[in-house]
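Structure below is input-v2.pdb: PDB, C-alpha atoms.
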```
ATOM      1  CA  MET S 244       0.000   0.000   0.000
ATOM      2  CA  PRO S 245       1.931   3.072  -1.097
ATOM      3  CA  ASP S 246       1.013   5.654   1.500
ATOM      4  CA  SER S 247       2.356   8.695  -0.314
ATOM      5  CA  GLN S 248       0.585  11.207   1.942
ATOM      6  CA  ALA S 249       2.187   9.850   5.085
ATOM      7  CA  THR S 250       5.519   9.557   3.327
ATOM      8  CA  THR S 251       5.617  13.249   2.486
ATOM      9  CA  GLN S 252       4.784  14.226   6.059
ATOM     10  CA  VAL S 253       7.744  12.429   7.554
ATOM     11  CA  SER S 254      11.151  13.905   6.855
ATOM     12  CA  THR S 255      12.323  12.941   3.407
ATOM     13  CA  LEU S 256      15.808  12.176   4.721
ATOM     14  CA  GLU S 257      14.514   9.306   6.805
ATOM     15  CA  HIS S 258      12.634   7.936   3.846
ATOM     16  CA  GLU S 259      15.188   8.337   1.140
ATOM     17  CA  ALA S 260      16.556   4.853   1.554
ATOM     18  CA  HIS S 261      13.096   3.389   1.970
ATOM     19  CA  ASN S 262      10.982   1.536  -0.512
ATOM     20  CA  PRO S 263       8.001   3.863  -1.146
ATOM     21  CA  ALA S 264       5.662   0.865  -0.814
ATOM     22  CA  LEU S 265       6.867   0.080   2.713
ATOM     23  CA  VAL S 266       4.333   1.007   5.376
ATOM     24  CA  HIS S 267       5.444   2.179   8.783
ATOM     25  CA  GLN S 268       4.617  -0.727  11.046
ATOM     26  CA  PHE S 269       7.131  -2.972   9.300
ATOM     27  CA  ALA S 270      10.888  -2.951   9.801
ATOM     28  CA  ASP S 271      11.689  -3.687   6.176
ATOM     29  CA  ALA S 272      10.130  -4.750   2.874
ATOM     30  CA  GLN S 273      10.888  -8.423   3.489
ATOM     31  CA  GLN S 274       9.011  -8.399   6.792
ATOM     32  CA  GLN S 275       6.054  -6.645   5.178
ATOM     33  CA  LYS S 276       5.983  -9.205   2.383
ATOM     34  CA  ASP S 277       6.211 -12.146   4.805
ATOM     35  CA  ALA S 278       3.348 -10.752   6.879
ATOM     36  CA  ALA S 279       1.145 -10.339   3.800
ATOM     37  CA  SER S 280       1.999 -13.822   2.593
ATOM     38  CA  LEU S 281       1.268 -15.329   6.023
ATOM     39  CA  GLY S 282      -2.085 -13.538   6.165
ATOM     40  CA  MET S 283      -2.949 -14.843   2.699
ATOM     41  CA  TRP S 284      -2.061 -18.367   3.761
ATOM     42  CA  LEU S 285      -4.283 -18.105   6.829
ATOM     43  CA  PHE S 286      -7.148 -17.179   4.496
ATOM     44  CA  LEU S 287      -6.293 -20.085   2.204
ATOM     45  CA  VAL S 288      -6.366 -22.463   5.191
ATOM     46  CA  THR S 289      -9.936 -21.353   5.948
ATOM     47  CA  GLU S 290     -10.726 -22.064   2.285
ATOM     48  CA  ILE S 291      -9.246 -25.548   2.625
ATOM     49  CA  MET S 292     -11.524 -26.213   5.599
ATOM     50  CA  PHE S 293     -14.522 -24.734   3.748
ATOM     51  CA  PHE S 294     -14.084 -27.048   0.776
ATOM     52  CA  GLY S 295     -12.982 -29.809   3.183
ATOM     53  CA  GLY S 296     -16.496 -29.907   4.650
ATOM     54  CA  MET S 297     -17.954 -30.569   1.198
ATOM     55  CA  PHE S 298     -15.284 -33.157   0.408
ATOM     56  CA  CYS S 299     -16.127 -34.865   3.707
ATOM     57  CA  ALA S 300     -19.862 -34.922   2.891
ATOM     58  CA  TYR S 301     -19.048 -36.337  -0.540
ATOM     59  CA  LEU S 302     -16.849 -39.117   0.900
ATOM     60  CA  ILE S 303     -19.454 -40.167   3.477
ATOM     61  CA  TYR S 304     -22.367 -40.251   1.012
ATOM     62  CA  ARG S 305     -20.226 -42.034  -1.552
ATOM     63  CA  LEU S 306     -19.579 -44.774   1.017
ATOM     64  CA  MET S 307     -23.281 -44.948   1.939
ATOM     65  CA  TYR S 308     -24.747 -44.897  -1.586
ATOM     66  CA  PHE S 309     -21.886 -46.279  -3.594
ATOM     67  CA  ASN S 310     -23.867 -47.617  -6.593
ATOM     68  CA  ALA S 311     -25.788 -44.400  -7.136
ATOM     69  CA  PHE S 312     -22.612 -42.317  -6.890
ATOM     70  CA  ALA S 313     -20.811 -44.585  -9.358
ATOM     71  CA  ALA S 314     -23.731 -44.401 -11.801
ATOM     72  CA  GLY S 315     -23.976 -40.621 -11.404
ATOM     73  CA  SER S 316     -20.235 -40.194 -11.860
ATOM     74  CA  GLN S 317     -20.345 -42.171 -15.116
ATOM     75  CA  GLN S 318     -22.750 -39.574 -16.532
ATOM     76  CA  LEU S 319     -20.077 -36.888 -16.303
ATOM     77  CA  ASN S 320     -18.011 -35.951 -19.336
ATOM     78  CA  ILE S 321     -14.410 -37.058 -18.672
ATOM     79  CA  GLY S 322     -13.117 -35.379 -21.853
ATOM     80  CA  LEU S 323     -14.367 -31.922 -20.850
ATOM     81  CA  GLY S 324     -13.233 -32.478 -17.247
ATOM     82  CA  ALA S 325      -9.719 -33.442 -18.350
ATOM     83  CA  PHE S 326      -9.580 -30.508 -20.767
ATOM     84  CA  ASN S 327     -10.528 -28.141 -17.941
ATOM     85  CA  THR S 328      -7.886 -29.680 -15.673
ATOM     86  CA  ALA S 329      -5.251 -28.992 -18.324
ATOM     87  CA  VAL S 330      -6.577 -25.427 -18.798
ATOM     88  CA  LEU S 331      -6.247 -24.742 -15.071
ATOM     89  CA  ILE S 332      -2.739 -26.199 -14.874
ATOM     90  CA  VAL S 333      -1.598 -24.052 -17.814
ATOM     91  CA  SER S 334      -3.209 -21.028 -16.114
ATOM     92  CA  SER S 335      -1.231 -21.800 -12.957
ATOM     93  CA  VAL S 336       1.939 -21.817 -15.058
ATOM     94  CA  THR S 337       1.060 -18.397 -16.519
ATOM     95  CA  VAL S 338       0.502 -17.135 -12.955
ATOM     96  CA  VAL S 339       4.003 -18.309 -11.999
ATOM     97  CA  LEU S 340       5.369 -16.574 -15.108
ATOM     98  CA  ALA S 341       3.433 -13.408 -14.198
ATOM     99  CA  VAL S 342       5.018 -13.354 -10.724
ATOM    100  CA  LYS S 343       8.441 -13.836 -12.340
ATOM    101  CA  ALA S 344       7.758 -10.970 -14.783
ATOM    102  CA  ALA S 345       6.717  -8.735 -11.872
ATOM    103  CA  GLU S 346       9.899  -9.649 -10.001
ATOM    104  CA  ALA S 347      11.962  -8.706 -13.066
ATOM    105  CA  GLY S 348      10.020  -5.448 -13.505
ATOM    106  CA  LYS S 349       8.777  -6.349 -17.008
ATOM    107  CA  ARG S 350       5.487  -4.481 -16.958
ATOM    108  CA  LYS S 351       4.100  -5.417 -20.405
ATOM    109  CA  LEU S 352       5.024  -9.080 -19.955
ATOM    110  CA  LEU S 353       3.331  -9.061 -16.550
ATOM    111  CA  VAL S 354       0.121  -7.611 -18.008
ATOM    112  CA  ALA S 355       0.240 -10.149 -20.861
ATOM    113  CA  TYR S 356       0.542 -13.109 -18.482
ATOM    114  CA  LEU S 357      -2.238 -11.767 -16.247
ATOM    115  CA  VAL S 358      -4.540 -11.335 -19.272
ATOM    116  CA  VAL S 359      -3.729 -14.857 -20.534
ATOM    117  CA  THR S 360      -4.523 -16.192 -17.046
ATOM    118  CA  VAL S 361      -7.922 -14.469 -17.065
ATOM    119  CA  LEU S 362      -8.641 -15.812 -20.573
ATOM    120  CA  LEU S 363      -7.768 -19.354 -19.449
ATOM    121  CA  GLY S 364     -10.020 -18.886 -16.409
ATOM    122  CA  LEU S 365     -12.871 -17.767 -18.679
ATOM    123  CA  THR S 366     -12.220 -20.773 -20.949
ATOM    124  CA  PHE S 367     -12.646 -23.019 -17.924
ATOM    125  CA  LEU S 368     -15.940 -21.326 -17.027
ATOM    126  CA  VAL S 369     -17.309 -21.556 -20.586
ATOM    127  CA  VAL S 370     -16.499 -25.287 -20.759
ATOM    128  CA  LYS S 371     -18.089 -25.708 -17.326
ATOM    129  CA  GLY S 372     -21.159 -23.892 -18.657
ATOM    130  CA  PHE S 373     -21.462 -26.401 -21.522
ATOM    131  CA  GLU S 374     -21.199 -29.232 -18.989
ATOM    132  CA  TYR S 375     -23.979 -27.681 -16.904
ATOM    133  CA  ARG S 376     -26.135 -27.307 -20.024
ATOM    134  CA  GLU S 377     -25.734 -31.020 -20.694
ATOM    135  CA  LYS S 378     -26.924 -31.705 -17.131
ATOM    136  CA  PHE S 379     -30.020 -29.578 -17.675
ATOM    137  CA  GLU S 380     -30.784 -31.351 -20.957
ATOM    138  CA  LYS S 381     -30.451 -34.775 -19.307
ATOM    139  CA  HIS S 382     -32.617 -33.676 -16.356
ATOM    140  CA  HIS S 383     -29.718 -34.347 -14.004
ATOM    141  CA  VAL S 384     -30.196 -31.084 -12.135
ATOM    142  CA  PRO S 385     -31.570 -31.779  -8.649
ATOM    143  CA  GLY S 386     -35.127 -30.604  -8.164
ATOM    144  CA  SER S 387     -38.652 -31.436  -9.287
ATOM    145  CA  THR S 388     -37.547 -32.223 -12.865
ATOM    146  CA  PHE S 389     -34.781 -34.615 -11.807
ATOM    147  CA  GLN S 390     -34.798 -37.917 -13.693
ATOM    148  CA  PHE S 391     -32.368 -40.772 -13.463
ATOM    149  CA  THR S 392     -32.928 -43.964 -15.377
ATOM    150  CA  ASP S 393     -31.080 -47.211 -14.781
ATOM    151  CA  THR S 394     -27.568 -47.240 -16.085
ATOM    152  CA  PHE S 395     -25.279 -49.980 -17.261
ATOM    153  CA  ASP S 396     -21.656 -50.582 -16.420
ATOM    154  CA  ASP S 397     -18.916 -51.303 -18.967
ATOM    155  CA  ASN S 398     -19.839 -54.985 -19.099
ATOM    156  CA  GLY S 399     -23.472 -54.172 -19.907
ATOM    157  CA  LYS S 400     -24.622 -55.190 -16.429
ATOM    158  CA  LYS S 401     -27.512 -53.132 -15.073
ATOM    159  CA  ILE S 402     -26.709 -51.023 -12.023
ATOM    160  CA  PRO S 403     -29.788 -50.675  -9.811
ATOM    161  CA  VAL S 404     -30.000 -47.049  -8.732
ATOM    162  CA  ASP S 405     -32.441 -45.217  -6.515
ATOM    163  CA  PRO S 406     -33.054 -41.836  -8.248
ATOM    164  CA  LYS S 407     -33.121 -40.144  -4.823
ATOM    165  CA  GLU S 408     -29.565 -41.314  -4.171
ATOM    166  CA  ALA S 409     -28.414 -40.249  -7.629
ATOM    167  CA  GLU S 410     -29.991 -36.857  -6.963
ATOM    168  CA  LEU S 411     -27.760 -36.599  -3.904
ATOM    169  CA  PHE S 412     -24.713 -37.204  -6.083
ATOM    170  CA  PHE S 413     -25.742 -34.428  -8.455
ATOM    171  CA  SER S 414     -26.552 -32.103  -5.548
ATOM    172  CA  LEU S 415     -22.999 -32.538  -4.288
ATOM    173  CA  TYR S 416     -21.653 -32.257  -7.848
ATOM    174  CA  PHE S 417     -23.371 -28.900  -8.333
ATOM    175  CA  ALA S 418     -22.500 -27.646  -4.846
ATOM    176  CA  MET S 419     -18.808 -28.481  -5.207
ATOM    177  CA  THR S 420     -18.247 -27.502  -8.838
ATOM    178  CA  GLY S 421     -20.538 -24.481  -8.408
ATOM    179  CA  MET S 422     -18.589 -23.246  -5.383
ATOM    180  CA  HIS S 423     -15.381 -23.852  -7.316
ATOM    181  CA  ALA S 424     -16.767 -21.967 -10.336
ATOM    182  CA  LEU S 425     -17.702 -19.063  -8.048
ATOM    183  CA  HIS S 426     -14.088 -18.988  -6.867
ATOM    184  CA  MET S 427     -12.987 -18.980 -10.511
ATOM    185  CA  ILE S 428     -15.281 -16.015 -11.252
ATOM    186  CA  ILE S 429     -13.843 -14.139  -8.252
ATOM    187  CA  GLY S 430     -10.328 -15.073  -9.419
ATOM    188  CA  CYS S 431     -10.986 -13.743 -12.934
ATOM    189  CA  GLY S 432     -12.273 -10.464 -11.459
ATOM    190  CA  LEU S 433      -9.267 -10.259  -9.146
ATOM    191  CA  PHE S 434      -6.803 -10.855 -11.961
ATOM    192  CA  THR S 435      -8.543  -8.339 -14.222
ATOM    193  CA  GLY S 436      -8.043  -5.770 -11.454
ATOM    194  CA  LEU S 437      -4.408  -6.788 -11.035
ATOM    195  CA  ALA S 438      -3.862  -6.499 -14.806
ATOM    196  CA  ILE S 439      -5.310  -2.962 -14.836
ATOM    197  CA  LEU S 440      -3.125  -1.889 -11.888
ATOM    198  CA  ALA S 441      -0.093  -3.573 -13.456
ATOM    199  CA  TRP S 442      -0.759  -1.706 -16.714
ATOM    200  CA  ARG S 443      -0.769   1.566 -14.775
ATOM    201  CA  GLY S 444       2.657   0.680 -13.394
ATOM    202  CA  HIS S 445       1.447   0.040  -9.876
ATOM    203  CA  TYR S 446       3.878  -2.821  -9.308
ATOM    204  CA  THR S 447       7.653  -2.632  -9.181
ATOM    205  CA  PRO S 448      10.351  -5.244  -8.514
ATOM    206  CA  GLY S 449      10.348  -3.850  -4.946
ATOM    207  CA  TYR S 450       6.594  -4.215  -4.522
ATOM    208  CA  PHE S 451       4.425  -6.838  -6.197
ATOM    209  CA  THR S 452       2.894  -8.553  -3.155
ATOM    210  CA  PRO S 453      -0.698  -8.377  -4.556
ATOM    211  CA  ILE S 454       0.461 -10.269  -7.662
ATOM    212  CA  GLU S 455       2.028 -12.942  -5.452
ATOM    213  CA  ASN S 456      -0.975 -13.248  -3.137
ATOM    214  CA  GLY S 457      -3.438 -13.238  -6.035
ATOM    215  CA  GLY S 458      -1.314 -16.019  -7.481
ATOM    216  CA  LEU S 459      -1.571 -17.976  -4.216
ATOM    217  CA  TYR S 460      -5.373 -17.732  -4.433
ATOM    218  CA  TRP S 461      -5.359 -18.873  -8.062
ATOM    219  CA  HIS S 462      -3.131 -21.864  -7.262
ATOM    220  CA  LEU S 463      -5.403 -22.907  -4.392
ATOM    221  CA  VAL S 464      -8.460 -22.850  -6.670
ATOM    222  CA  ASP S 465      -6.408 -24.971  -9.079
ATOM    223  CA  ILE S 466      -5.573 -27.453  -6.288
ATOM    224  CA  ILE S 467      -9.253 -27.782  -5.350
ATOM    225  CA  TRP S 468     -10.025 -28.702  -8.958
ATOM    226  CA  ILE S 469      -7.084 -31.145  -8.977
ATOM    227  CA  TYR S 470      -9.008 -33.043  -6.259
ATOM    228  CA  LEU S 471     -12.533 -32.449  -7.602
ATOM    229  CA  PHE S 472     -11.678 -33.896 -11.014
ATOM    230  CA  PRO S 473     -10.632 -37.395  -9.907
ATOM    231  CA  LEU S 474     -13.207 -37.557  -7.087
ATOM    232  CA  LEU S 475     -16.201 -36.597  -9.237
ATOM    233  CA  TYR S 476     -15.194 -37.795 -12.701
ATOM    234  CA  LEU S 477     -12.643 -40.568 -12.416
ATOM    235  CA  ILE S 478     -12.686 -42.846  -9.404
ATOM    236  CA  SER S 479     -16.026 -44.535 -10.104
ATOM    237  CA  ARG S 480     -15.352 -45.637 -13.669
ATOM    238  CA  HIS S 481     -14.972 -49.241 -12.521
ATOM    239  CA  SER S 482     -17.098 -50.458  -9.685
TER     240      SER S 482
ATOM    241  CA  MET A 151       7.874 -24.745 -16.552
ATOM    242  CA  LEU A 152       9.183 -28.253 -15.911
ATOM    243  CA  ILE A 153       6.735 -28.554 -13.009
ATOM    244  CA  GLY A 154       3.903 -27.454 -15.322
ATOM    245  CA  ILE A 155       4.769 -30.152 -17.876
ATOM    246  CA  THR A 156       4.985 -32.728 -15.057
ATOM    247  CA  LEU A 157       1.506 -31.680 -13.899
ATOM    248  CA  LEU A 158       0.059 -32.058 -17.412
ATOM    249  CA  VAL A 159       1.696 -35.496 -17.798
ATOM    250  CA  LEU A 160       0.248 -36.550 -14.426
ATOM    251  CA  THR A 161      -3.209 -35.355 -15.563
ATOM    252  CA  ALA A 162      -2.941 -37.493 -18.707
ATOM    253  CA  THR A 163      -1.758 -40.415 -16.557
ATOM    254  CA  THR A 164      -4.666 -40.158 -14.137
ATOM    255  CA  VAL A 165      -7.211 -39.992 -16.987
ATOM    256  CA  GLY A 166      -5.577 -42.994 -18.638
ATOM    257  CA  ALA A 167      -5.494 -44.925 -15.363
ATOM    258  CA  ALA A 168      -9.218 -44.277 -14.861
ATOM    259  CA  PHE A 169     -10.045 -46.273 -18.001
ATOM    260  CA  VAL A 170      -8.024 -49.301 -16.867
ATOM    261  CA  ASN A 171      -9.839 -51.568 -14.461
ATOM    262  CA  LEU A 172      -7.623 -51.972 -11.411
ATOM    263  CA  GLY A 173     -10.416 -52.850  -9.010
ATOM    264  CA  PRO A 174     -10.038 -51.200  -5.625
ATOM    265  CA  LEU A 175      -6.746 -49.627  -6.730
ATOM    266  CA  ASN A 176      -8.455 -47.159  -9.104
ATOM    267  CA  PRO A 177      -9.470 -44.582  -6.454
ATOM    268  CA  VAL A 178      -6.160 -45.070  -4.633
ATOM    269  CA  ILE A 179      -4.113 -44.275  -7.739
ATOM    270  CA  ALA A 180      -6.322 -41.327  -8.748
ATOM    271  CA  LEU A 181      -6.065 -39.736  -5.293
ATOM    272  CA  LEU A 182      -2.350 -40.498  -5.049
ATOM    273  CA  ILE A 183      -1.712 -38.696  -8.349
ATOM    274  CA  ALA A 184      -3.942 -35.789  -7.244
ATOM    275  CA  THR A 185      -1.942 -35.514  -4.015
ATOM    276  CA  ILE A 186       1.371 -35.540  -5.901
ATOM    277  CA  LYS A 187       0.044 -32.760  -8.170
ATOM    278  CA  ALA A 188      -1.249 -30.699  -5.239
ATOM    279  CA  THR A 189       2.076 -31.108  -3.427
ATOM    280  CA  LEU A 190       4.002 -29.935  -6.499
ATOM    281  CA  VAL A 191       1.752 -26.874  -6.805
ATOM    282  CA  VAL A 192       2.063 -25.998  -3.098
ATOM    283  CA  LEU A 193       5.830 -26.482  -2.921
ATOM    284  CA  PHE A 194       6.921 -24.901  -6.206
ATOM    285  CA  PHE A 195       4.140 -22.691  -7.614
ATOM    286  CA  MET A 196       3.163 -21.323  -4.206
ATOM    287  CA  HIS A 197       6.810 -21.048  -3.113
ATOM    288  CA  VAL A 198       6.344 -22.820   0.215
ATOM    289  CA  LYS A 199       9.630 -24.588  -0.517
ATOM    290  CA  GLY A 200      12.255 -21.956   0.161
ATOM    291  CA  ALA A 201       9.857 -19.478   1.787
ATOM    292  CA  SER A 202      11.767 -16.997   3.888
ATOM    293  CA  GLU A 203       9.149 -17.135   6.628
ATOM    294  CA  LYS A 204       9.160 -20.533   8.333
ATOM    295  CA  LEU A 205       5.766 -19.799   9.894
ATOM    296  CA  THR A 206       4.156 -20.048   6.430
ATOM    297  CA  GLY A 207       5.129 -23.706   6.221
ATOM    298  CA  ALA A 208       3.673 -24.324   9.689
ATOM    299  CA  VAL A 209       0.364 -22.690   8.693
ATOM    300  CA  VAL A 210       0.152 -24.784   5.514
ATOM    301  CA  VAL A 211       0.881 -28.015   7.387
ATOM    302  CA  SER A 212      -1.614 -27.143  10.140
ATOM    303  CA  GLY A 213      -4.296 -26.482   7.487
ATOM    304  CA  PHE A 214      -3.928 -29.936   5.986
ATOM    305  CA  PHE A 215      -3.546 -31.444   9.476
ATOM    306  CA  PHE A 216      -6.958 -30.125  10.539
ATOM    307  CA  LEU A 217      -8.449 -31.254   7.230
ATOM    308  CA  ALA A 218      -7.084 -34.741   8.005
ATOM    309  CA  ILE A 219      -8.728 -34.615  11.445
ATOM    310  CA  LEU A 220     -12.042 -33.565   9.874
ATOM    311  CA  LEU A 221     -11.976 -36.406   7.360
ATOM    312  CA  SER A 222     -10.555 -39.160   9.567
ATOM    313  CA  LEU A 223     -12.756 -38.574  12.628
ATOM    314  CA  SER A 224     -15.897 -38.184  10.487
ATOM    315  CA  LEU A 225     -15.137 -41.397   8.626
ATOM    316  CA  ALA A 226     -14.211 -43.154  11.895
ATOM    317  CA  ASP A 227     -17.738 -42.338  13.030
ATOM    318  CA  TYR A 228     -19.659 -43.253   9.873
ATOM    319  CA  LEU A 229     -17.663 -46.379   9.079
ATOM    320  CA  THR A 230     -18.138 -47.905  12.531
ATOM    321  CA  ARG A 231     -21.864 -47.254  12.996
ATOM    322  CA  SER A 232     -23.845 -50.417  13.513
ATOM    323  CA  GLY A 233     -27.088 -51.179  11.685
ATOM    324  CA  ARG A 234     -26.392 -49.225   8.540
TER     325      ARG A 234
END
```
The structure in this file should be written as structure tokens.
Amino acid sequence: MPDSQATTQVSTLEHEAHNPALVHQFADAQQQKDAASLGMWLFLVTEIMFFGGMFCAYLIYRLMYFNAFAAGSQQLNIGLGAFNTAVLIVSSVTVVLAVKAAEAGKRKLLVAYLVVTVLLGLTFLVVKGFEYREKFEKHHVPGSTFQFTDTFDDNGKKIPVDPKEAELFFSLYFAMTGMHALHMIIGCGLFTGLAILAWRGHYTPGYFTPIENGGLYWHLVDIIWIYLFPLLYLISRHS
Amino acid sequence: MLIGITLLVLTATTVGAAFVNLGPLNPVIALLIATIKATLVVLFFMHVKGASEKLTGAVVVSGFFFLAILLSLSLADYLTRSGR
């Protein structure tokens, strides 16, 4: 937070050697950066617990209604899920490159990487939107229109499924992927803001903590998807 | 960059492994690969490895520790209930 007003009030001699982005309660820039990073991590830990509750609910219901969860999982589109996983991983790489560009003071490169990250995030959301549309068309959205007919495994054997239990699978699917998508939307907004500020030259090699912390958030959302993808799409292929 | 390529290769591996019938090993392998990927992201992309502030590492570990408590104690309850 460059506090230019306060900086001008204090004698300029004292501040000459200082980084203009350094606020007064910190001894040096490194300490300020560590404090911001620690605070960000504390927030991310609360996010881990938040999603952890949903993961826990998913695990318990999967154990209780295994057949219905397997049948529901087999209705998901692995191709689109895998594509989205790759999109998110590439976006995490561009975030790392953006942080590196900020560290090196390459402003245009930084903006470019931030914009590419947002575009990849939007790609993820569009693909997710197509997946949701497929769910609506198949009447797999929980509610009064929910329908689930008997499904067959790879060997053509019929899997007996209670539609109520399958509805539970899709409720958890929408809750977890929906919450994740909401985090993606927030991330895209955040990175758009960072790109605008970066374009205006807000970040210097001596101060790019928001880029780093925004990156931490983006990586965490990526990690959540890294777990959602196998849990929802993959692990019930063979049962 | 190398980490990114490793992550993409692991994604391809986990998708491929899902189509091979390994019985009870399927979920184990999928979650193992996911954990390897998450660990790579945390250590290298999120710079926990080599962080100047040691406390950051402690916070990260404590986060996953409490997640483990949440999952293990909940499952210890549900898996041992009689008359399910």
>> For this structure, which residues satisfy the selection - the ChimeraX specification (/A :<9) & /S - when it is evaluated on the file as given? I want them as a PyMOL selection string.
In response: chain S and resi 273-274+277-278+280-281+284-285+287-289+291-292+295-296+298-299+302-303+306-307+321-322+325+328-329+332-333+335-336+338-340+455+458-459+462-463+465-467+469-470+472-474+477-482
Atoms to include: C-alpha atoms. Write the selected residues as a PDB file, keeping the file's coordinate frame.
```
ATOM      1  CA  GLN S 273      10.888  -8.423   3.489  1.00  0.00           C
ATOM      2  CA  GLN S 274       9.011  -8.399   6.792  1.00  0.00           C
ATOM      3  CA  ASP S 277       6.211 -12.146   4.805  1.00  0.00           C
ATOM      4  CA  ALA S 278       3.348 -10.752   6.879  1.00  0.00           C
ATOM      5  CA  SER S 280       1.999 -13.822   2.593  1.00  0.00           C
ATOM      6  CA  LEU S 281       1.268 -15.329   6.023  1.00  0.00           C
ATOM      7  CA  TRP S 284      -2.061 -18.367   3.761  1.00  0.00           C
ATOM      8  CA  LEU S 285      -4.283 -18.105   6.829  1.00  0.00           C
ATOM      9  CA  LEU S 287      -6.293 -20.085   2.204  1.00  0.00           C
ATOM     10  CA  VAL S 288      -6.366 -22.463   5.191  1.00  0.00           C
ATOM     11  CA  THR S 289      -9.936 -21.353   5.948  1.00  0.00           C
ATOM     12  CA  ILE S 291      -9.246 -25.548   2.625  1.00  0.00           C
ATOM     13  CA  MET S 292     -11.524 -26.213   5.599  1.00  0.00           C
ATOM     14  CA  GLY S 295     -12.982 -29.809   3.183  1.00  0.00           C
ATOM     15  CA  GLY S 296     -16.496 -29.907   4.650  1.00  0.00           C
ATOM     16  CA  PHE S 298     -15.284 -33.157   0.408  1.00  0.00           C
ATOM     17  CA  CYS S 299     -16.127 -34.865   3.707  1.00  0.00           C
ATOM     18  CA  LEU S 302     -16.849 -39.117   0.900  1.00  0.00           C
ATOM     19  CA  ILE S 303     -19.454 -40.167   3.477  1.00  0.00           C
ATOM     20  CA  LEU S 306     -19.579 -44.774   1.017  1.00  0.00           C
ATOM     21  CA  MET S 307     -23.281 -44.948   1.939  1.00  0.00           C
ATOM     22  CA  ILE S 321     -14.410 -37.058 -18.672  1.00  0.00           C
ATOM     23  CA  GLY S 322     -13.117 -35.379 -21.853  1.00  0.00           C
ATOM     24  CA  ALA S 325      -9.719 -33.442 -18.350  1.00  0.00           C
ATOM     25  CA  THR S 328      -7.886 -29.680 -15.673  1.00  0.00           C
ATOM     26  CA  ALA S 329      -5.251 -28.992 -18.324  1.00  0.00           C
ATOM     27  CA  ILE S 332      -2.739 -26.199 -14.874  1.00  0.00           C
ATOM     28  CA  VAL S 333      -1.598 -24.052 -17.814  1.00  0.00           C
ATOM     29  CA  SER S 335      -1.231 -21.800 -12.957  1.00  0.00           C
ATOM     30  CA  VAL S 336       1.939 -21.817 -15.058  1.00  0.00           C
ATOM     31  CA  VAL S 338       0.502 -17.135 -12.955  1.00  0.00           C
ATOM     32  CA  VAL S 339       4.003 -18.309 -11.999  1.00  0.00           C
ATOM     33  CA  LEU S 340       5.369 -16.574 -15.108  1.00  0.00           C
ATOM     34  CA  GLU S 455       2.028 -12.942  -5.452  1.00  0.00           C
ATOM     35  CA  GLY S 458      -1.314 -16.019  -7.481  1.00  0.00           C
ATOM     36  CA  LEU S 459      -1.571 -17.976  -4.216  1.00  0.00           C
ATOM     37  CA  HIS S 462      -3.131 -21.864  -7.262  1.00  0.00           C
ATOM     38  CA  LEU S 463      -5.403 -22.907  -4.392  1.00  0.00           C
ATOM     39  CA  ASP S 465      -6.408 -24.971  -9.079  1.00  0.00           C
ATOM     40  CA  ILE S 466      -5.573 -27.453  -6.288  1.00  0.00           C
ATOM     41  CA  ILE S 467      -9.253 -27.782  -5.350  1.00  0.00           C
ATOM     42  CA  ILE S 469      -7.084 -31.145  -8.977  1.00  0.00           C
ATOM     43  CA  TYR S 470      -9.008 -33.043  -6.259  1.00  0.00           C
ATOM     44  CA  PHE S 472     -11.678 -33.896 -11.014  1.00  0.00           C
ATOM     45  CA  PRO S 473     -10.632 -37.395  -9.907  1.00  0.00           C
ATOM     46  CA  LEU S 474     -13.207 -37.557  -7.087  1.00  0.00           C
ATOM     47  CA  LEU S 477     -12.643 -40.568 -12.416  1.00  0.00           C
ATOM     48  CA  ILE S 478     -12.686 -42.846  -9.404  1.00  0.00           C
ATOM     49  CA  SER S 479     -16.026 -44.535 -10.104  1.00  0.00           C
ATOM     50  CA  ARG S 480     -15.352 -45.637 -13.669  1.00  0.00           C
ATOM     51  CA  HIS S 481     -14.972 -49.241 -12.521  1.00  0.00           C
ATOM     52  CA  SER S 482     -17.098 -50.458  -9.685  1.00  0.00           C
TER      53      SER S 482
END
```
>> Counting all atoms listed in the file, which residue out of S:Leu475, S:Leu440, S:Ala347, S:Met422 sits closest to S:Phe294?
In response: S:Met422
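Computed from the coordinates, the atom CA of S:Val404 to atom CA of S:Asn320 distance equals 19.5 Å.
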>> List as a PyMOL selection string the residues having at least one atom at most 7 Å from position (-5.1, -21.1, -20.6) as given in the file, counting all atoms listed in the file.
In response: chain S and resi 330-331+333-334+359-360+362-364
> By how many Å are atom CA of S:Phe367 and atom CA of S:Asn456 apart?
Replying inline: 21.2 Å
> Which distance in Å separates atom CA of S:Glu408 and atom CA of A:Ala226, to one decimal?
Replying inline: 22.3 Å
>> So that I can see what lies close to S:Tyr416, please list as a PyMOL selection string the residues with an atom at most 12 Å from it, counting all atoms listed in the file and leaving out residues fewer than 4 positions away in the same chain.
In response: chain S and resi 297-298+300-301+304-305+312+315-316+318-319+374-375+378+383-385+409-412+420-424+471-472+474-476
>> Since I can't run it myself right now, could you work out what the PyMOL selection byres ((chain S and resi 348-358) around 8) selects here and report it as a PyMOL selection string?
In response: chain S and resi 337-338+340-342+344-347+359-362+434-435+437-439+441-442+444+446-448
> Out of S:Pro406, S:Pro263, S:Gly449, S:Gly457, which residue has the shortest atom-to-atom distance to S:Ile429 when counting all atoms listed in the file?
Replying inline: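 Closest candidate: S:Gly457.
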>> Calculated over all atoms listed in the file, which of the candidates S:Ile454, S:Ala270, S:Ala264, S:Ala313 has the smallest distance to S:Leu433?
In response: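 Closest candidate: S:Ile454.
Nearest-residue note for A:Ile186: choosing from A:Leu160, A:Ala208, A:Ser232, A:Phe215, the minimum distance belongs to A:Leu160, counting all atoms listed in the file.
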Quick one: 3 Å padding each side, axis-aligned, all listed atoms of stretch 460-465 of chain S - centre and edge lengths in Å to one decimal, as lines of an AutoDock Vina configuration file?
```
center_x = -5.8
center_y = -21.4
center_z = -6.7
size_x = 11.3
size_y = 13.2
size_z = 10.7
```
